[in-house]
Every structure is written in C-alpha cells, then in structure tokens.
Amino acid sequence: MIQIALAALLAAAPMTTATPAAANADTASDMAPIHCDACADWNRDQAPFRILGDTYYVGVHGVSSVLIHTRDGLILLDGDLPQSVPLIVAHIRALGFHVNNVRWILSSHAHFDHAGGIAALQRLSGANVAASTLAAPVLRTGLLPADDPQYDGGKGRGFPPIAHVHATLDGEVIRLGGVAVTAHYTPGHTPGGVTWTWQSCDPWRCRDIVYADSLNAAPVGDFRFDDPSRHPRPADVLRRSIDVVRGLPCDAIVSVHPGFTDVLAKAAANARDPAHNAFVDPNGCRAYADGALAALDAELKKEGAGATR
Ligand SMILES: [Zn+2]
C-alpha cells in the first residue's frame, strides 16, 4: 500500500500562484473527495505497472490514468477522482518518475471520475491540459453542459475547475520528446469525448496504443439516446464514435475504466507470464466496439426504440 503525506505532496508543487500558502490551499481544496456510490471502490489503490514500452498504468483500481515517458518529460492521460491524486503521484514516483516532469495532461471526457483530479495535478506539475473544443469549456468551469447525458437538469455532479485548458481539434497531434499523441473525437458518452492514440516503441518495434474513451450510453434523469428532438440523434453520434474506435490502428487498448477492457486481468497475466504481453491484442478495439454497440442497442430497446439497425 502506498501512503503519501499531503504535506510532502504540497511541498513538491511548483509555485504557480502569488504565495506558496495560497497554492497549497488551492491544491488541497482541489483534492477534496467527491462522494458517489462507486467512488470508494474505484479509488482503491492499485500498484502501477507497465503496459507496453514507455507506457504505464498509474491509475486507481476502477479508473484509469496512463503515463507516457518521453525523453523530454511525461504525458499523463486523465486524473481520475480528486481523491485519486495522492495515489497517482505516488504511483508515478514508484515507477522512478516525478509529477514535476508531467508536461501534458490529456483528458478523455469531462466527468468527475476522469477529470476530477486534473485541477490538482495541473497545480502540482504545471502541466498543460488538453481536451476537445467542446470539453475544454466544461473543464474550465467544472460544470456539466445541458447536452451531457448526465446533466440531469443541472443536478449532474461537477468537479474542480481547471485553470488553463488547450482546446484540441479532431486529429490534432500533441508532441513531446519524440512521442506523438493524436486526438480522435469520440462524442456520445459526453459531447466532448476524446480517444487518444500513440505509438509506444521499444528497440525492436513500435505498437499502436489506444486510450479508449467511454462508449457507453449512460443517461441520467430523462435524457434519451433516441430523443428525436435532439439533432443529431445522440444514438447516431455514439454509433459513429464506436465505428471510429473500431477502425483505429490498435495493437493494445486501455479503456478509461479498466474493467471495460480487462486491463487489470491483463496486468495480472503479465505478472504470471512476463514473456507474453497480454495487452497486445489486435482484436481489442473491435471487441470493445462490439460490446459498446450491443449496450447501445440494449439502451435503445429500454427506451422503447427497438434495435439500432
Ligand atoms: Zn463518464
């Protein structure tokens, strides 16, 4: 079990505001826990591990956070819950790296369980944060927009606002230290969702890694994926994103919730048999897309709309 003292965490923070005391108070409030039914289980500690090459899992038990080590610093994908931040920082350190060297934090989608820790991680690292053009303003306010399936009439759960967010275009590439990470817009679960891809290389070969956004139709309140008053129809938006993920170059997939693509089971298999990397699976993206499409069909049936095709 990794324990990290709050004081030690704050002592490592770059001084980005007028006084160190103010910076520490802001970071501490950005790490104030968010409570939800699943949160305690999601935030159970999870020892970090290598996925492939220079790509590592540094998230918690039920929400992913992925670290890419480049020769010019670190890229982090997602910040999980606010209360996940001390664990993520400790995981980065356990791998021999330091949060101060995180240059970019890339966001998958603007929900509290993936973006909740980003504000504190940005304060601790001074990193740039990138999200889609639709998600960037959501991250800056921490408030869900009315077209988010979990908006719930304004009752949807927000998260700590993030000071500076770079709005990334569909297909835009974030480059650092010889690594190129590409944004693929995958709206549907949220209006501004992004799936990120890059190549992880070792001396022998390069492999395509997909950090896959949520593709599940998870409405709250009276939001309907078959709502004919919404243009385009939310189900059509999500189906297009499922096709995007299905078609990506994909040697290995890591989903934003590890359970969606058996991330922790693959890590356990790698620990048992290091000679064969269980993350290498050319069918991983197709299987994830197939599951998402079946779930969307089930949701539409529930909404009384029948099958999608
Ligand atoms: Zn979500």
# chains A, B, ... in the order shown; residues from 1 in each chain; ligands from 1

$ closest_atom_pairs --of "chain A" --to "ligand 1" --cutoff "8 Å" --atoms "only C-alpha atoms and all ligand atoms" --output "JSON lines"
{"residue": "A:His109", "atom": "CA", "partner": "ligand 1", "partner_atom_place_in_ligand_line": "1 (Zn)", "distance": 6.5}
{"residue": "A:Ala110", "atom": "CA", "partner": "ligand 1", "partner_atom_place_in_ligand_line": "1 (Zn)", "distance": 7.2}
{"residue": "A:His111", "atom": "CA", "partner": "ligand 1", "partner_atom_place_in_ligand_line": "1 (Zn)", "distance": 5.0}
{"residue": "A:Phe112", "atom": "CA", "partner": "ligand 1", "partner_atom_place_in_ligand_line": "1 (Zn)", "distance": 7.6}
{"residue": "A:Asp113", "atom": "CA", "partner": "ligand 1", "partner_atom_place_in_ligand_line": "1 (Zn)", "distance": 7.0}
{"residue": "A:His114", "atom": "CA", "partner": "ligand 1", "partner_atom_place_in_ligand_line": "1 (Zn)", "distance": 7.4}
{"residue": "A:His189", "atom": "CA", "partner": "ligand 1", "partner_atom_place_in_ligand_line": "1 (Zn)", "distance": 6.4}
{"residue": "A:Thr190", "atom": "CA", "partner": "ligand 1", "partner_atom_place_in_ligand_line": "1 (Zn)", "distance": 6.9}
{"residue": "A:Ser214", "atom": "CA", "partner": "ligand 1", "partner_atom_place_in_ligand_line": "1 (Zn)", "distance": 6.4}
{"residue": "A:Ala218", "atom": "CA", "partner": "ligand 1", "partner_atom_place_in_ligand_line": "1 (Zn)", "distance": 7.8}

$ write_last_selection --atoms "C-alpha atoms" --output "CSV table (one decimal), in the first residue's frame"
chain,number,residue,atom,x,y,z
A,109,HIS,CA,-14.1,13.1,-21.1
A,110,ALA,CA,-15.3,15.8,-18.7
A,111,HIS,CA,-16.9,13.7,-16.0
A,112,PHE,CA,-15.9,13.9,-12.3
A,113,ASP,CA,-14.3,10.4,-12.2
A,114,HIS,CA,-11.8,11.1,-15.0
A,189,HIS,CA,-21.0,9.3,-23.7
A,190,THR,CA,-20.2,13.0,-23.4
A,214,SER,CA,-16.2,5.6,-22.6
A,218,ALA,CA,-25.2,6.1,-19.6

$ residues_around --residues "Asp226 (chain A)" --least-positions-apart "6" --cutoff "7 Å" --atoms "only C-alpha atoms" --output "list of chain:residue names"
A:Arg233, A:Pro234, A:Ala235, A:Leu300, A:Ala305

$ select_by_dssp --residues "region 99-131 of chain A" --states "helix (DSSP H, G or I)" --output "short mmCIF file (atom, residue, chain, number, x, y, z; two decimals) with N, CA and C atoms, in the first residue's frame"
data_model
loop_
_atom_site.label_atom_id
_atom_site.label_comp_id
_atom_site.auth_asym_id
_atom_site.auth_seq_id
_atom_site.Cartn_x
_atom_site.Cartn_y
_atom_site.Cartn_z
N VAL A 99 6.11 13.79 -10.61
CA VAL A 99 4.97 14.56 -11.14
C VAL A 99 5.42 15.91 -11.69
N ASN A 100 6.51 16.46 -11.16
CA ASN A 100 7.03 17.75 -11.67
C ASN A 100 7.37 17.67 -13.15
N ASN A 101 7.63 16.48 -13.65
CA ASN A 101 8.04 16.33 -15.05
C ASN A 101 6.87 16.03 -15.99
N PHE A 112 -16.64 13.70 -13.56
CA PHE A 112 -15.88 13.87 -12.32
C PHE A 112 -14.90 12.72 -12.04
N ASP A 113 -15.20 11.52 -12.56
CA ASP A 113 -14.35 10.37 -12.22
C ASP A 113 -13.10 10.28 -13.10
N HIS A 114 -13.02 11.09 -14.16
CA HIS A 114 -11.83 11.09 -15.02
C HIS A 114 -11.11 12.45 -15.00
N ALA A 115 -11.88 13.51 -14.82
CA ALA A 115 -11.32 14.88 -14.84
C ALA A 115 -11.23 15.49 -13.45
N ILE A 118 -7.70 16.44 -12.25
CA ILE A 118 -6.80 17.17 -13.15
C ILE A 118 -6.40 18.53 -12.60
N ALA A 119 -7.35 19.24 -11.95
CA ALA A 119 -7.00 20.57 -11.43
C ALA A 119 -5.83 20.49 -10.46
N ALA A 120 -5.89 19.53 -9.52
CA ALA A 120 -4.79 19.39 -8.55
C ALA A 120 -3.51 18.94 -9.24
N LEU A 121 -3.63 18.01 -10.19
CA LEU A 121 -2.44 17.54 -10.89
C LEU A 121 -1.80 18.65 -11.72
N GLN A 122 -2.64 19.54 -12.27
CA GLN A 122 -2.06 20.67 -13.01
C GLN A 122 -1.31 21.60 -12.06
N ARG A 123 -1.92 21.86 -10.88
CA ARG A 123 -1.22 22.72 -9.91
C ARG A 123 0.10 22.10 -9.48
N LEU A 124 0.11 20.77 -9.25
CA LEU A 124 1.31 20.11 -8.77
C LEU A 124 2.41 20.05 -9.82
N SER A 125 2.03 19.96 -11.09
CA SER A 125 3.01 19.74 -12.15
C SER A 125 3.29 20.97 -13.00
#

$ closest_atom_pairs --of "region 176-237 of chain A" --to "region 37-54 of chain A" --cutoff "6 Å" --atoms "only C-alpha atoms" --output "tab-separated table"
residue	atom	partner	partner_atom	distance
A:Ser200	CA	A:Gly53	CA	5.5
A:Cys201	CA	A:Gly53	CA	5.6
A:Asp202	CA	A:Gly53	CA	5.4

$ closest_residue --among "A:Lys301, A:Ile253, A:Asn270, A:Val181" --to "Asn283 (chain A)" --atoms "only C-alpha atoms"
A:Ile253

$ closest_residue --among "A:Ser64, A:Ile105, A:Ser29, A:Ala94" --to "Asp262 (chain A)" --atoms "only C-alpha atoms"
A:Ser64

$ residues_around --residues "Gly259 (chain A)" --least-positions-apart "5" --cutoff "12 Å" --atoms "only C-alpha atoms" --output "ChimeraX atom specification"
/A:42,60-64,214,253-254,264-267,288

$ write_last_selection --atoms "C-alpha atoms" --output "PDB file, in the first residue's frame"
ATOM      1  CA  TRP A  42     -12.983   2.932  -7.797  1.00  0.00           C
ATOM      2  CA  VAL A  60      -6.540   3.540  -9.251  1.00  0.00           C
ATOM      3  CA  HIS A  61      -8.467   0.276  -9.100  1.00  0.00           C
ATOM      4  CA  GLY A  62     -11.535   1.418 -11.024  1.00  0.00           C
ATOM      5  CA  VAL A  63     -10.486   4.475 -13.040  1.00  0.00           C
ATOM      6  CA  SER A  64      -7.541   4.597 -15.441  1.00  0.00           C
ATOM      7  CA  SER A 214     -16.210   5.555 -22.595  1.00  0.00           C
ATOM      8  CA  ILE A 253      -6.336  -0.951 -25.886  1.00  0.00           C
ATOM      9  CA  VAL A 254      -6.667   0.616 -22.437  1.00  0.00           C
ATOM     10  CA  LEU A 264      -6.120  -5.377 -14.519  1.00  0.00           C
ATOM     11  CA  ALA A 265      -6.612  -9.004 -15.599  1.00  0.00           C
ATOM     12  CA  LYS A 266      -4.073  -8.440 -18.399  1.00  0.00           C
ATOM     13  CA  ALA A 267      -1.624  -6.937 -15.891  1.00  0.00           C
ATOM     14  CA  TYR A 288     -14.656  -3.066 -27.255  1.00  0.00           C
TER      15      TYR A 288
END
